[in-house]
Structure formats: C-alpha cells, structure tokens
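*Asks:* Sharing run.txt below, compact mmCIF, C-alpha atoms and all ligand atoms:
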# COMPACT_ATOMS: atom_id res chain seq x y z
CA MET A 1 131.28 127.72 -15.24
CA ALA A 2 134.88 126.56 -15.19
CA PRO A 3 136.19 126.21 -18.74
CA ARG A 4 137.24 122.92 -20.26
CA VAL A 5 140.74 122.44 -21.63
CA LEU A 6 141.42 121.22 -25.16
CA TYR A 7 145.03 120.14 -25.15
CA VAL A 8 147.12 119.73 -28.32
CA MET A 9 149.69 117.02 -27.59
CA GLY A 10 152.39 115.82 -29.94
CA THR A 11 155.83 116.12 -31.36
CA GLY A 12 157.28 119.58 -31.92
CA ARG A 13 157.46 120.94 -35.45
CA SER A 14 154.13 119.35 -36.29
CA GLY A 15 151.87 122.37 -36.71
CA SER A 16 150.51 122.35 -33.17
CA THR A 17 150.32 126.14 -32.97
CA VAL A 18 148.34 126.33 -36.22
CA LEU A 19 145.98 123.58 -35.08
CA GLY A 20 145.62 125.25 -31.67
CA ALA A 21 144.82 128.59 -33.30
CA LEU A 22 142.16 127.01 -35.54
CA LEU A 23 140.53 125.22 -32.59
CA GLY A 24 140.80 128.32 -30.43
CA ALA A 25 139.07 130.43 -33.12
CA ALA A 26 135.77 128.65 -32.35
CA PRO A 27 133.23 131.11 -30.91
CA ASP A 28 133.19 129.60 -27.42
CA ALA A 29 136.93 128.94 -27.23
CA VAL A 30 140.10 130.91 -26.60
CA PHE A 31 143.55 129.98 -27.85
CA ALA A 32 146.02 130.36 -25.00
CA GLY A 33 149.18 129.17 -26.79
CA GLU A 34 151.60 126.98 -24.84
CA LEU A 35 150.42 127.41 -21.28
CA THR A 36 153.37 125.59 -19.80
CA TRP A 37 155.43 128.68 -20.70
CA ALA A 38 152.91 131.22 -19.40
CA PRO A 39 154.41 131.77 -15.92
CA ALA A 40 157.81 132.48 -17.49
CA GLU A 41 157.07 134.23 -20.78
CA VAL A 42 153.65 135.84 -20.26
CA PHE A 43 153.79 136.91 -16.61
CA GLY A 44 157.56 136.97 -16.07
CA GLU A 45 159.00 138.44 -19.24
CA HIS A 46 155.81 140.06 -20.58
CA ARG A 47 156.73 139.11 -24.12
CA PRO A 48 154.87 140.60 -27.11
CA CYS A 49 151.40 139.20 -27.81
CA SER A 50 150.03 138.48 -31.29
CA CYS A 51 147.59 141.38 -30.75
CA GLY A 52 150.54 143.78 -31.02
CA GLU A 53 150.75 144.71 -27.32
CA LEU A 54 153.15 143.48 -24.70
CA ALA A 55 151.61 140.82 -22.48
CA SER A 56 151.54 143.41 -19.68
CA GLU A 57 149.35 145.68 -21.85
CA CYS A 58 147.28 143.04 -23.65
CA SER A 59 143.53 143.03 -23.06
CA LEU A 60 143.56 139.30 -22.26
CA TRP A 61 146.87 138.60 -20.50
CA ALA A 62 147.13 141.80 -18.44
CA GLU A 63 143.64 141.06 -17.09
CA VAL A 64 144.50 137.42 -16.42
CA GLU A 65 147.65 138.47 -14.58
CA ALA A 66 145.71 140.98 -12.49
CA ARG A 67 143.08 138.39 -11.65
CA LEU A 68 145.72 135.85 -10.63
CA GLY A 69 147.50 138.36 -8.40
CA TRP A 70 150.52 136.09 -8.11
CA SER A 71 153.54 137.50 -6.28
CA ASP A 72 156.84 137.16 -8.09
CA ALA A 73 157.80 134.31 -5.75
CA ARG A 74 154.53 132.52 -6.53
CA ARG A 75 155.03 133.04 -10.26
CA ARG A 76 158.56 131.66 -10.09
CA ALA A 77 157.35 128.66 -8.11
CA ALA A 78 154.68 127.97 -10.76
CA GLU A 79 157.28 128.36 -13.52
CA ALA A 80 159.54 125.79 -11.85
CA ARG A 81 156.66 123.40 -11.15
CA PHE A 82 155.41 123.52 -14.75
CA GLN A 83 158.93 122.71 -15.90
CA ARG A 84 159.22 119.77 -13.49
CA PHE A 85 155.80 118.25 -14.21
CA ASP A 86 155.28 119.11 -17.88
CA TRP A 87 158.53 118.93 -19.79
CA HIS A 88 160.33 115.91 -21.15
CA LYS A 89 161.43 114.57 -17.77
CA GLY A 90 158.00 115.28 -16.32
CA PHE A 91 157.07 111.63 -16.48
CA ALA A 92 159.81 110.71 -14.04
CA HIS A 93 158.95 113.61 -11.77
CA GLN A 94 155.26 112.72 -11.71
CA LEU A 95 156.15 109.31 -10.29
CA VAL A 96 157.99 110.76 -7.31
CA ALA A 97 156.16 114.07 -6.70
CA SER A 98 154.66 114.45 -3.21
CA ALA A 99 150.95 114.98 -2.64
CA ALA A 100 151.71 118.55 -1.58
CA GLU A 101 153.50 119.24 -4.84
CA TRP A 102 150.66 117.76 -6.87
CA ALA A 103 148.26 119.98 -4.92
CA ALA A 104 150.36 123.04 -5.72
CA TYR A 105 150.51 122.07 -9.41
CA GLU A 106 146.74 121.65 -9.42
CA ARG A 107 146.24 125.04 -7.78
CA ASP A 108 148.54 126.77 -10.30
CA ASN A 109 146.70 125.30 -13.26
CA ARG A 110 143.18 125.74 -11.95
CA GLU A 111 143.81 129.39 -11.09
CA LEU A 112 145.46 130.05 -14.47
CA ILE A 113 142.88 128.27 -16.61
CA ASP A 114 139.90 129.60 -14.65
CA ALA A 115 141.26 133.15 -14.92
CA ILE A 116 141.62 132.78 -18.71
CA GLY A 117 138.06 131.48 -18.85
CA GLU A 118 136.71 134.32 -16.72
CA VAL A 119 138.47 137.10 -18.62
CA SER A 120 137.73 135.72 -22.10
CA GLY A 121 134.28 134.34 -21.33
CA ALA A 122 135.26 131.20 -23.24
CA GLN A 123 134.06 127.73 -22.32
CA TRP A 124 137.12 126.11 -23.84
CA VAL A 125 140.75 127.02 -23.28
CA VAL A 126 142.98 125.60 -26.03
CA ASP A 127 146.49 124.81 -24.75
CA SER A 128 149.07 123.84 -27.40
CA SER A 129 151.93 123.03 -24.99
CA LYS A 130 152.51 119.72 -26.86
CA TYR A 131 154.33 117.91 -24.03
CA PRO A 132 152.63 114.54 -23.41
CA ALA A 133 153.65 114.78 -19.74
CA ARG A 134 151.56 117.92 -19.34
CA ALA A 135 148.58 116.18 -20.95
CA VAL A 136 148.86 113.44 -18.32
CA ALA A 137 149.45 115.77 -15.36
CA LEU A 138 146.61 118.13 -16.31
CA SER A 139 144.25 115.20 -16.84
CA ARG A 140 145.14 113.91 -13.39
CA VAL A 141 144.59 117.18 -11.50
CA MET A 142 141.56 118.33 -13.51
CA PRO A 143 139.70 115.10 -14.27
CA ASP A 144 136.70 115.45 -16.59
CA ARG A 145 137.85 118.87 -17.76
CA VAL A 146 140.66 117.95 -20.16
CA SER A 147 140.31 116.56 -23.70
CA VAL A 148 143.38 115.78 -25.77
CA VAL A 149 144.13 115.85 -29.49
CA SER A 150 147.39 114.26 -30.61
CA LEU A 151 149.28 115.67 -33.58
CA THR A 152 152.32 114.17 -35.26
CA ARG A 153 154.07 114.62 -38.57
CA SER A 154 155.67 112.22 -41.03
CA PRO A 155 159.37 111.40 -40.41
CA GLU A 156 160.21 113.09 -43.70
CA GLY A 157 158.26 116.22 -42.74
CA LEU A 158 160.02 116.38 -39.37
CA LEU A 159 163.43 115.95 -40.96
CA GLN A 160 162.67 118.77 -43.35
CA ALA A 161 161.40 121.01 -40.55
CA PHE A 162 164.51 120.37 -38.48
CA SER A 163 166.83 121.03 -41.41
CA ARG A 164 165.67 124.62 -41.71
CA GLN A 165 167.95 127.34 -40.50
CA ASN A 166 166.94 130.67 -38.95
CA GLU A 167 164.51 129.07 -36.53
CA VAL A 168 164.51 130.82 -33.21
CA GLU A 169 162.11 128.58 -31.33
CA GLN A 170 163.65 125.19 -31.94
CA ARG A 171 167.17 124.95 -33.32
CA PRO A 172 167.91 122.86 -36.39
CA LYS A 173 168.88 119.26 -35.64
CA LYS A 174 171.20 116.98 -37.58
CA PRO A 175 169.27 114.15 -39.29
CA LEU A 176 170.58 111.45 -36.96
CA ALA A 177 169.71 113.59 -33.92
CA VAL A 178 166.07 113.68 -35.00
CA LEU A 179 165.77 109.90 -34.56
CA PRO A 180 166.33 109.69 -30.76
CA TRP A 181 164.28 112.86 -30.33
CA TYR A 182 161.43 111.18 -32.22
CA GLY A 183 161.85 107.99 -30.20
CA ALA A 184 161.59 109.89 -26.92
CA ASN A 185 158.49 111.70 -28.16
CA ALA A 186 156.88 108.50 -29.44
CA ALA A 187 157.46 106.72 -26.11
CA GLN A 188 155.86 109.60 -24.24
CA ILE A 189 152.84 109.71 -26.54
CA VAL A 190 152.34 105.97 -26.04
CA TRP A 191 152.64 106.42 -22.27
CA ALA A 192 150.13 109.28 -22.32
CA ARG A 193 147.58 107.56 -24.56
CA GLY A 194 145.90 105.46 -21.90
CA ARG A 195 146.07 108.20 -19.30
CA VAL A 196 144.18 111.00 -21.01
CA ASP A 197 140.82 111.51 -22.69
CA LEU A 198 142.24 111.21 -26.21
CA LYS A 199 139.70 112.48 -28.74
CA ALA A 200 141.68 112.21 -31.97
CA GLU A 201 145.10 111.44 -33.41
CA LEU A 202 146.16 113.39 -36.48
CA ARG A 203 149.11 113.51 -38.80
CA TYR A 204 149.89 117.03 -39.94
CA GLU A 205 150.20 116.22 -43.64
CA ALA A 206 146.77 114.55 -43.69
CA PHE A 207 145.26 117.47 -41.78
CA HIS A 208 146.85 119.95 -44.15
CA ALA A 209 145.47 118.10 -47.17
CA ASP A 210 141.86 118.23 -45.98
CA PRO A 211 141.57 120.60 -43.02
CA CYS A 212 137.79 121.04 -43.25
CA ALA A 213 137.06 117.30 -43.00
CA HIS A 214 139.48 116.92 -40.11
CA LEU A 215 138.09 119.96 -38.29
CA ALA A 216 134.56 118.59 -38.70
CA ARG A 217 135.72 115.31 -37.18
CA LEU A 218 137.46 117.14 -34.33
CA GLY A 219 134.32 119.17 -33.66
CA GLU A 220 132.28 115.99 -33.46
CA ALA A 221 134.79 114.26 -31.20
CA THR A 222 135.23 117.14 -28.77
CA GLY A 223 131.87 118.91 -28.85
CA LEU A 224 133.55 122.17 -29.87
CA ASP A 225 131.52 124.18 -32.41
CA LEU A 226 133.92 124.55 -35.32
CA ASP A 227 131.38 125.44 -38.05
CA ALA A 228 132.54 129.06 -38.41
CA VAL A 229 136.20 128.02 -38.50
CA ILE A 230 135.50 125.36 -41.13
CA ALA A 231 133.64 127.94 -43.22
CA ALA A 232 136.55 130.40 -42.95
CA VAL A 233 139.18 127.80 -43.86
CA GLY A 234 137.00 126.48 -46.69
CA SER A 235 136.63 129.91 -48.29
CA GLY A 236 140.23 131.02 -47.67
CA ASP A 237 139.26 133.71 -45.14
CA GLU A 238 141.55 134.94 -42.42
CA VAL A 239 141.40 133.35 -38.99
CA SER A 240 142.37 135.40 -35.97
CA VAL A 241 145.26 134.12 -33.87
CA GLY A 242 143.83 135.89 -30.84
CA HIS A 243 146.22 136.60 -27.97
CA VAL A 244 149.21 134.36 -28.25
CA VAL A 245 152.47 135.08 -26.48
CA THR A 246 154.01 131.59 -26.43
CA GLY A 247 154.40 129.18 -29.33
CA ASN A 248 155.94 129.46 -32.77
CA ARG A 249 156.14 132.17 -35.41
CA LEU A 250 152.38 132.38 -35.75
CA ARG A 251 152.29 134.41 -32.56
CA LYS A 252 153.84 137.31 -34.42
CA ARG A 253 150.79 137.60 -36.66
CA GLY A 254 147.33 138.79 -35.79
CA GLU A 255 145.57 136.76 -38.46
CA PHE A 256 146.42 133.97 -40.83
CA VAL A 257 144.94 132.08 -43.76
CA PHE A 258 145.17 128.31 -43.56
CA GLN A 259 145.55 126.94 -47.03
CA ALA A 260 145.05 123.28 -47.76
CA GLY A 261 147.79 121.55 -49.69
CA PRO A 262 148.52 118.11 -51.08
CA ASP A 263 149.25 115.24 -48.68
CA VAL A 264 152.85 114.85 -49.74
CA ARG A 265 155.74 113.66 -47.68
CA PRO A 266 158.84 115.59 -48.66
CA THR A 267 161.70 113.63 -50.17
CA VAL A 268 164.73 113.33 -47.94
CA THR A 269 168.17 113.23 -49.47
CA GLY A 270 171.44 112.05 -48.01
CA ARG A 271 172.38 108.76 -46.45
CA ARG A 272 172.01 109.94 -42.85
CA ALA A 273 168.62 111.54 -43.42
CA ARG A 274 167.33 108.41 -45.17
CA ALA A 275 168.61 106.21 -42.35
CA SER A 276 166.99 108.48 -39.80
CA ALA A 277 163.68 108.46 -41.72
CA LEU A 278 163.75 104.68 -41.91
CA GLY A 279 164.38 104.40 -38.16
CA MET A 280 161.55 106.83 -37.46
CA ARG A 281 159.19 104.91 -39.71
CA VAL A 282 159.97 101.72 -37.81
CA LEU A 283 159.41 103.48 -34.49
CA GLY A 284 156.21 105.00 -35.82
CA ARG A 285 154.98 101.59 -36.95
CA VAL A 286 155.80 99.96 -33.61
CA THR A 287 154.19 102.70 -31.53
CA GLY A 288 151.34 103.44 -33.91
CA ILE A 289 151.95 107.18 -33.92
ZN ZN A 301 147.11 140.20 -26.72
Show me the file's structure as structure tokens.
Ligand SMILES: [Zn+2]
*Replies:*
Amino acid sequence: MAPRVLYVMGTGRSGSTVLGALLGAAPDAVFAGELTWAPAEVFGEHRPCSCGELASECSLWAEVEARLGWSDARRRAAEARFQRFDWHKGFAHQLVASAAEWAAYERDNRELIDAIGEVSGAQWVVDSSKYPARAVALSRVMPDRVSVVSLTRSPEGLLQAFSRQNEVEQRPKKPLAVLPWYGANAAQIVWARGRVDLKAELRYEAFHADPCAHLARLGEATGLDLDAVIAAVGSGDEVSVGHVVTGNRLRKRGEFVFQAGPDVRPTVTGRRARASALGMRVLGRVTGI
C-alpha cells in the first residue's frame, strides 16, 4: 500500500527536525528528513546519513535511489522543480505552473515517497521540509495521502535561535531581519492552513514542556501509533534518528534523548530585539500562529 505522508510545516528554527524524528520513530513510520532537498543532497551530493554511511552506501537511501533509477538529468529536473514549487516563492509559482509541470511534480513526489515506503516498509513517511508551499503542493498532487502538523516558536525563542553563531544550516540574522522573515512565514502558514489537512498546530516551547501529552494528542489526531515513542521520551530513553541526510544538526547523530524542559520564553535584550519581538507578537496575534 502506498504510504501516507506526515508533513511538518512551520517556521525554521522551531525544532521541526526533532519533532519529525520523534514522529518518524513510530513503528510504522520512517523519518525522511527534509524531502524537498532529497534530489540535491541525497541523490546528487550523496551527503553523510545519520546512520554513519554516505547516502550512496546507506541501507535506506542507496536502495531508494536504485529503485528510483533516475538519470542525472531527471534528478536535476526534480531538484529544480522542488525548488520552484516548494520554497518560499513556491506560492507564486504554483499559481502559474502548467498542467504538465504539475504532472511532473506529482510524478517526482509519488515515485520518491512510494520508493521510501517500499524500501522501509513504513506506512507513514515523515517529511520535515517545513515550507508551507510544499505542504500545499503535496496536498494538491497527493490528495488524501498528506496530513500536516504545523510547528512554530515564540518570537523570543526565534530571536535567540537566530542570534547564535556557528550555525551552518541557517545563518544568524540580525534582530530586525527576523521580523520580515517571520512575517513572510506567517503569511504562508495562513495561506496554507485552508489548503491542507491540518491535524495540529504546536508551539515548540509548549511541546518541549510536555512532549508526552503533545505526542499523545498528535497520535490521536493523525492515527500514528506513538505509544512506544511516548514511553521512550517519558523514561528518558534514546530515540533513533533513523536515516537522515537533510535537516539540522540532529542528522549527525544516530540517536538522541528528548528531554522535557520548562515552557519559558527566553528574555530578549537590546532595543532592536525587543522591537522585533513586539512586531512578531503583533503579527502572531493577527495571524493566529
Ligand atoms: Zn542511513
């Protein structure tokens, strides 16, 4: 049977890879990381997988690549299409894309997701690509197979995350640059809301404070059996990341322990950061994210 997709949508820097890994650790699921990057980083560059192998040697991704049998030209075409449909300007592209291009996008995604399902045997493929545009496009080409969970983070938490140096995946942003970035994300989430099968909306700090309760709710909303994951998180046991090539730092680890913490919004200091946080709070209030 063709697997279902559980899509983690939301702003960057909100813990989407951790949430994806927890959902993908369910017995009948597989965590695929950020699938929008798969044609480029998994099949093109063969980057290292969290299992310790290169993607070209990994027991999941090498098999998926073999099953797909994409030529390099086909892979490049899929890479370009994912970028056009999924990324931040994807909304605009989706309005003007031809039927033939939609059909090609559908074929790319069906082949990729079905191959992951066949090789892993999983009934759920968890995709943490985050982009709201991809949530909408996937839901359109694979109706009835895509469920979406939305994840955001408090303005203060985002400002703190973006102030950190030594991040390879997403460069630090100045406080006032986080505001328009947040606005663009919020607008896209609002646009996506009515166009996808949205099962839950979470804020990272609340999830972090009581992961077991939130996971139980997510399991109920999606139908995914998360009992074993909840038990592991509850007793502080390690959870396997599985085979993740794309996504944040978590991909460099084979296993991780998710520890609950208090639901605290960090304090922001500095006039610009406070102004940015205030603007984000207003945007958050208006958009309900
Ligand atoms: Zn692997």
*Asks:* Measuring atom to atom with only C-alpha atoms, identify which of A:Val119, A:Leu151, A:Leu112, A:Val125 is nearest to Leu19 of chain A.
*Replies:*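 Looking at the shortest contact to Leu19 of chain A, the residue is A:Leu151.
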*Asks:* What is the distance between atom CA of Pro180 of chain A and atom CA of Ala275 of chain A, in Å to one decimal?
*Replies:* 12.3 Å
*Asks:* Draw an axis-aligned box over all listed atoms of segment 80-87 of chain A, pad each side with 6 Å, and write its centre and edge lengths in Å, one decimal, as AutoDock Vina command-line options.
*Replies:*
--center_x 157.4 --center_y 122.0 --center_z -15.5 --size_x 16.3 --size_y 19.5 --size_z 20.6
*Asks:* Which protein, DNA or RNA residues have an atom within 10 Å of ligand ZN 301 (chain A), counting all atoms listed in the file, as a PDB file with C-alpha atoms, in the frame of the given file?
*Replies:*
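What landed in part.pdb:
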ATOM      1  CA  PRO A  48     154.870 140.600 -27.110  1.00  0.00           C
ATOM      2  CA  CYS A  49     151.400 139.200 -27.810  1.00  0.00           C
ATOM      3  CA  SER A  50     150.030 138.480 -31.290  1.00  0.00           C
ATOM      4  CA  CYS A  51     147.590 141.380 -30.750  1.00  0.00           C
ATOM      5  CA  GLY A  52     150.540 143.780 -31.020  1.00  0.00           C
ATOM      6  CA  GLU A  53     150.750 144.710 -27.320  1.00  0.00           C
ATOM      7  CA  LEU A  54     153.150 143.480 -24.700  1.00  0.00           C
ATOM      8  CA  ALA A  55     151.610 140.820 -22.480  1.00  0.00           C
ATOM      9  CA  SER A  56     151.540 143.410 -19.680  1.00  0.00           C
ATOM     10  CA  GLU A  57     149.350 145.680 -21.850  1.00  0.00           C
ATOM     11  CA  CYS A  58     147.280 143.040 -23.650  1.00  0.00           C
ATOM     12  CA  SER A  59     143.530 143.030 -23.060  1.00  0.00           C
ATOM     13  CA  LEU A  60     143.560 139.300 -22.260  1.00  0.00           C
ATOM     14  CA  TRP A  61     146.870 138.600 -20.500  1.00  0.00           C
ATOM     15  CA  ALA A  62     147.130 141.800 -18.440  1.00  0.00           C
ATOM     16  CA  VAL A 241     145.260 134.120 -33.870  1.00  0.00           C
ATOM     17  CA  GLY A 242     143.830 135.890 -30.840  1.00  0.00           C
ATOM     18  CA  HIS A 243     146.220 136.600 -27.970  1.00  0.00           C
ATOM     19  CA  VAL A 244     149.210 134.360 -28.250  1.00  0.00           C
ATOM     20  CA  VAL A 245     152.470 135.080 -26.480  1.00  0.00           C
ATOM     21  CA  ARG A 251     152.290 134.410 -32.560  1.00  0.00           C
ATOM     22  CA  GLY A 254     147.330 138.790 -35.790  1.00  0.00           C
TER      23      GLY A 254
END
*Asks:* Distance atom CA of Ala187 of chain A-atom CA of Glu220 of chain A, one decimal place?
*Replies:*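 Taking atom CA of Ala187 of chain A and atom CA of Glu220 of chain A, their separation equals 27.8 Å.
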*Asks:* For Trp102 of chain A, which of A:Lys89, A:Arg140, A:Arg67, A:Arg134 is the closest residue, counting all atoms listed in the file?
*Replies:* A:Arg140
*Asks:* For Arg171 of chain A, which residue among A:Arg13, A:Arg76, A:Thr152, A:Glu45 is the nearest when counting all atoms listed in the file?
*Replies:*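 Of A:Arg13, A:Arg76, A:Thr152, A:Glu45, the one nearest Arg171 of chain A is A:Arg13, counting all atoms listed in the file.
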*Asks:* Kindly give the distance, in Å, that separates atom CA of Ala177 of chain A and atom CA of Arg84 of chain A, rounded to a single decimal.
*Replies:*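 Interatomic distance here is 23.8 Å.
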*Asks:* Neighbourhood query: residues within 7 Å of (137.8, 128.9, -34.3), file coordinates, counting all atoms listed in the file; return as a list in words.
*Replies:*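 Final list of nearby residues, as requested, is Leu22, Leu23, Gly24, Ala25, Ala26, Pro27, Leu226, Ala228 and Val229 of chain A.
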*Asks:* Please, could you write that set of residues out with C-alpha atoms as a PDB file, in the frame of the given file?
*Replies:*
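Full text of part.pdb as output:
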ATOM      1  CA  LEU A  22     142.160 127.010 -35.540  1.00  0.00           C
ATOM      2  CA  LEU A  23     140.530 125.220 -32.590  1.00  0.00           C
ATOM      3  CA  GLY A  24     140.800 128.320 -30.430  1.00  0.00           C
ATOM      4  CA  ALA A  25     139.070 130.430 -33.120  1.00  0.00           C
ATOM      5  CA  ALA A  26     135.770 128.650 -32.350  1.00  0.00           C
ATOM      6  CA  PRO A  27     133.230 131.110 -30.910  1.00  0.00           C
ATOM      7  CA  LEU A 226     133.920 124.550 -35.320  1.00  0.00           C
ATOM      8  CA  ALA A 228     132.540 129.060 -38.410  1.00  0.00           C
ATOM      9  CA  VAL A 229     136.200 128.020 -38.500  1.00  0.00           C
TER      10      VAL A 229
END
*Asks:* Find the residue from A:Ala40, A:Leu278, A:Met142, A:Met9 that sits nearest to Arg203 of chain A; use all atoms listed in the file when measuring.
*Replies:*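 Closest candidate: A:Met9.
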*Asks:* With distances taken over all atoms listed in the file, which residue among A:Ser240, A:Thr36, A:Thr269, A:Thr246 lies nearest Trp87 of chain A?
*Replies:*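 The closest residue to Trp87 of chain A is A:Thr36.
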*Asks:* Can you tell me, as a PyMOL selection string, what residues are no more than 10 Å from Tyr105 of chain A when counting all atoms listed in the file, ignoring any on the same chain fewer than 3 positions away?
*Replies:* chain A and resi 77-78+81-82+84-85+99-102+108-110+137-138+141
*Asks:* Please determine, counting all atoms listed in the file, which residue among A:Leu224, A:Ala277, A:Ala192, A:Val264 has the shortest atom-to-atom distance to His208 of chain A.
*Replies:* A:Val264
